[in-house]
Amino acid sequence: MKVGLLRAVGVATAVYGVAVAALPDLLARPSGLVDGQGRTAPATRTSLRPLAWRDAASGLAMALAPDGPALRTAAYVRIAADFGDAVLLGATLPGRDRRVKAVAVSVGWGALSVAGLLARGRRGSGIMGAMEAGPLRVRR
């Protein structure tokens with residue numbers, strides 16, 4: 001597991017979540033959830049804020065969770081949210097181009113977390129270094 005990559009994804013996600021909670025237009029405009037004059041309806045802003053707080057909370061969990069099962073669980077939650085966004089936004093946003101972009105962004109962020117989970121992290125060197133073999137830790 002690449003802890004640094006997972007933490008970076010977590011921090012970026014948390015910052016973006018807080019930003020969208022404060023300024024829902026950051027998500028509404030590129031998603032096409034605005035009117036003809038580019039304004040976001042109050043109901044749309046209200047609907048986007050819980051999504052933004054979900055991102056802030058899950059990102060913060062990835063940034064702060066202790067290495068090990070807690071960080072893995074936080075990453076799994078983030079991956080589920082990203083891939084869920086890909087499915088839902090890909091099926092419902094107005095306009096094919098927006099749907100394709102939303103899927104690409106969501107899958108991209110989810111893939112970063114998957115890569116962080118699957119990559120080999122830095123371990124101690126020498127005869128006492130540990131390597132992971134599936135769910136088991138094997139001492140050399």
# chains A, B, ... in the order shown; residues from 1 in each chain; ligands from 1

$ closest_atom_pairs --of "segment 53-119 of chain A" --to "segment 8-17 of chain A" --cutoff "6 Å" --atoms "only C-alpha atoms" --output "Markdown table"
| residue | atom | partner | partner_atom | distance |
| --- | --- | --- | --- | --- |
| A:Trp53 | CA | A:Gly17 | CA | 5.7 |
| A:Asp55 | CA | A:Gly17 | CA | 4.9 |
| A:Ala56 | CA | A:Ala14 | CA | 3.8 |
| A:Gly59 | CA | A:Gly10 | CA | 3.8 |
| A:Leu60 | CA | A:Ala14 | CA | 5.5 |
| A:Met62 | CA | A:Gly10 | CA | 4.7 |
| A:Ala63 | CA | A:Gly10 | CA | 4.8 |

$ write_last_selection --atoms "all heavy atoms" --output "short mmCIF file (atom, residue, chain, number, x, y, z; two decimals), in the first residue's frame"
data_model
loop_
_atom_site.label_atom_id
_atom_site.label_comp_id
_atom_site.auth_asym_id
_atom_site.auth_seq_id
_atom_site.Cartn_x
_atom_site.Cartn_y
_atom_site.Cartn_z
N TRP A 53 -19.78 17.43 1.37
CA TRP A 53 -19.36 17.08 2.74
C TRP A 53 -18.96 15.61 2.82
O TRP A 53 -18.07 15.24 3.57
CB TRP A 53 -20.44 17.43 3.75
CG TRP A 53 -20.46 18.90 4.03
CD1 TRP A 53 -21.50 19.74 3.81
CD2 TRP A 53 -19.40 19.71 4.54
NE1 TRP A 53 -21.13 21.02 4.15
CE2 TRP A 53 -19.86 21.03 4.60
CE3 TRP A 53 -18.09 19.44 4.94
CZ2 TRP A 53 -19.06 22.09 5.05
CZ3 TRP A 53 -17.29 20.49 5.39
CH2 TRP A 53 -17.77 21.79 5.45
N ASP A 55 -17.45 14.01 0.43
CA ASP A 55 -16.09 14.01 -0.10
C ASP A 55 -15.11 14.57 0.93
O ASP A 55 -14.02 14.03 1.11
CB ASP A 55 -16.01 14.82 -1.39
CG ASP A 55 -16.61 14.09 -2.57
OD1 ASP A 55 -16.97 12.90 -2.44
OD2 ASP A 55 -16.72 14.71 -3.65
N ALA A 56 -15.49 15.64 1.60
CA ALA A 56 -14.61 16.22 2.61
C ALA A 56 -14.34 15.23 3.74
O ALA A 56 -13.19 15.04 4.16
CB ALA A 56 -15.22 17.51 3.17
N GLY A 59 -12.30 12.15 2.42
CA GLY A 59 -10.94 12.57 2.15
C GLY A 59 -10.15 12.80 3.42
O GLY A 59 -8.99 12.40 3.55
N LEU A 60 -10.78 13.42 4.39
CA LEU A 60 -10.14 13.64 5.68
C LEU A 60 -9.81 12.31 6.35
O LEU A 60 -8.73 12.16 6.95
CB LEU A 60 -11.04 14.50 6.56
CG LEU A 60 -10.43 15.07 7.83
CD1 LEU A 60 -9.25 15.96 7.50
CD2 LEU A 60 -11.48 15.86 8.60
N MET A 62 -9.08 9.52 4.84
CA MET A 62 -7.89 8.98 4.16
C MET A 62 -6.63 9.72 4.58
O MET A 62 -5.56 9.13 4.70
CB MET A 62 -8.05 9.07 2.64
CG MET A 62 -8.95 7.99 2.08
SD MET A 62 -9.17 8.12 0.29
CE MET A 62 -7.52 7.76 -0.31
N ALA A 63 -6.75 11.01 4.79
CA ALA A 63 -5.57 11.80 5.16
C ALA A 63 -5.10 11.50 6.57
O ALA A 63 -3.90 11.57 6.85
CB ALA A 63 -5.89 13.29 5.01
#

$ residues_around --residues "Gly84 of chain A" --least-positions-apart "6" --cutoff "10 Å" --atoms "only C-alpha atoms" --output "ChimeraX atom specification"
/A:78,90,103,106-107,110

$ atom_distance --atom1 "atom CA of Val114 of chain A" --atom2 "atom CA of Gly32 of chain A"
28.2 Å

$ atom_distance --atom1 "atom CA of Ser113 of chain A" --atom2 "atom CA of Pro66 of chain A"
15.9 Å

$ closest_residue --among "A:Arg49, A:Arg7, A:Lys101, A:Arg96" --to "Ala75 of chain A" --atoms "only C-alpha atoms"
A:Arg7

$ atom_distance --atom1 "atom CA of Leu6 of chain A" --atom2 "atom CA of Phe83 of chain A"
16.2 Å

$ select_by_dssp --residues "chain A" --states "helix (DSSP H, G or I)" --output "MDAnalysis selection string"
chainID A and resid 3:22 25:31 42:64 69:92 96:118

$ residues_around --residues "Ala86 of chain A" --least-positions-apart "3" --cutoff "12 Å" --atoms "only C-alpha atoms" --output "ChimeraX atom specification"
/A:79-83,89-93,98-111

$ closest_residue --among "A:Pro42, A:Gly121, A:Pro69, A:Gly36" --to "Leu23 of chain A" --atoms "only C-alpha atoms"
A:Pro42

$ closest_residue --among "A:Tyr76, A:Ala19, A:Asp85, A:Ala65" --to "Val3 of chain A" --atoms "only C-alpha atoms"
A:Ala65
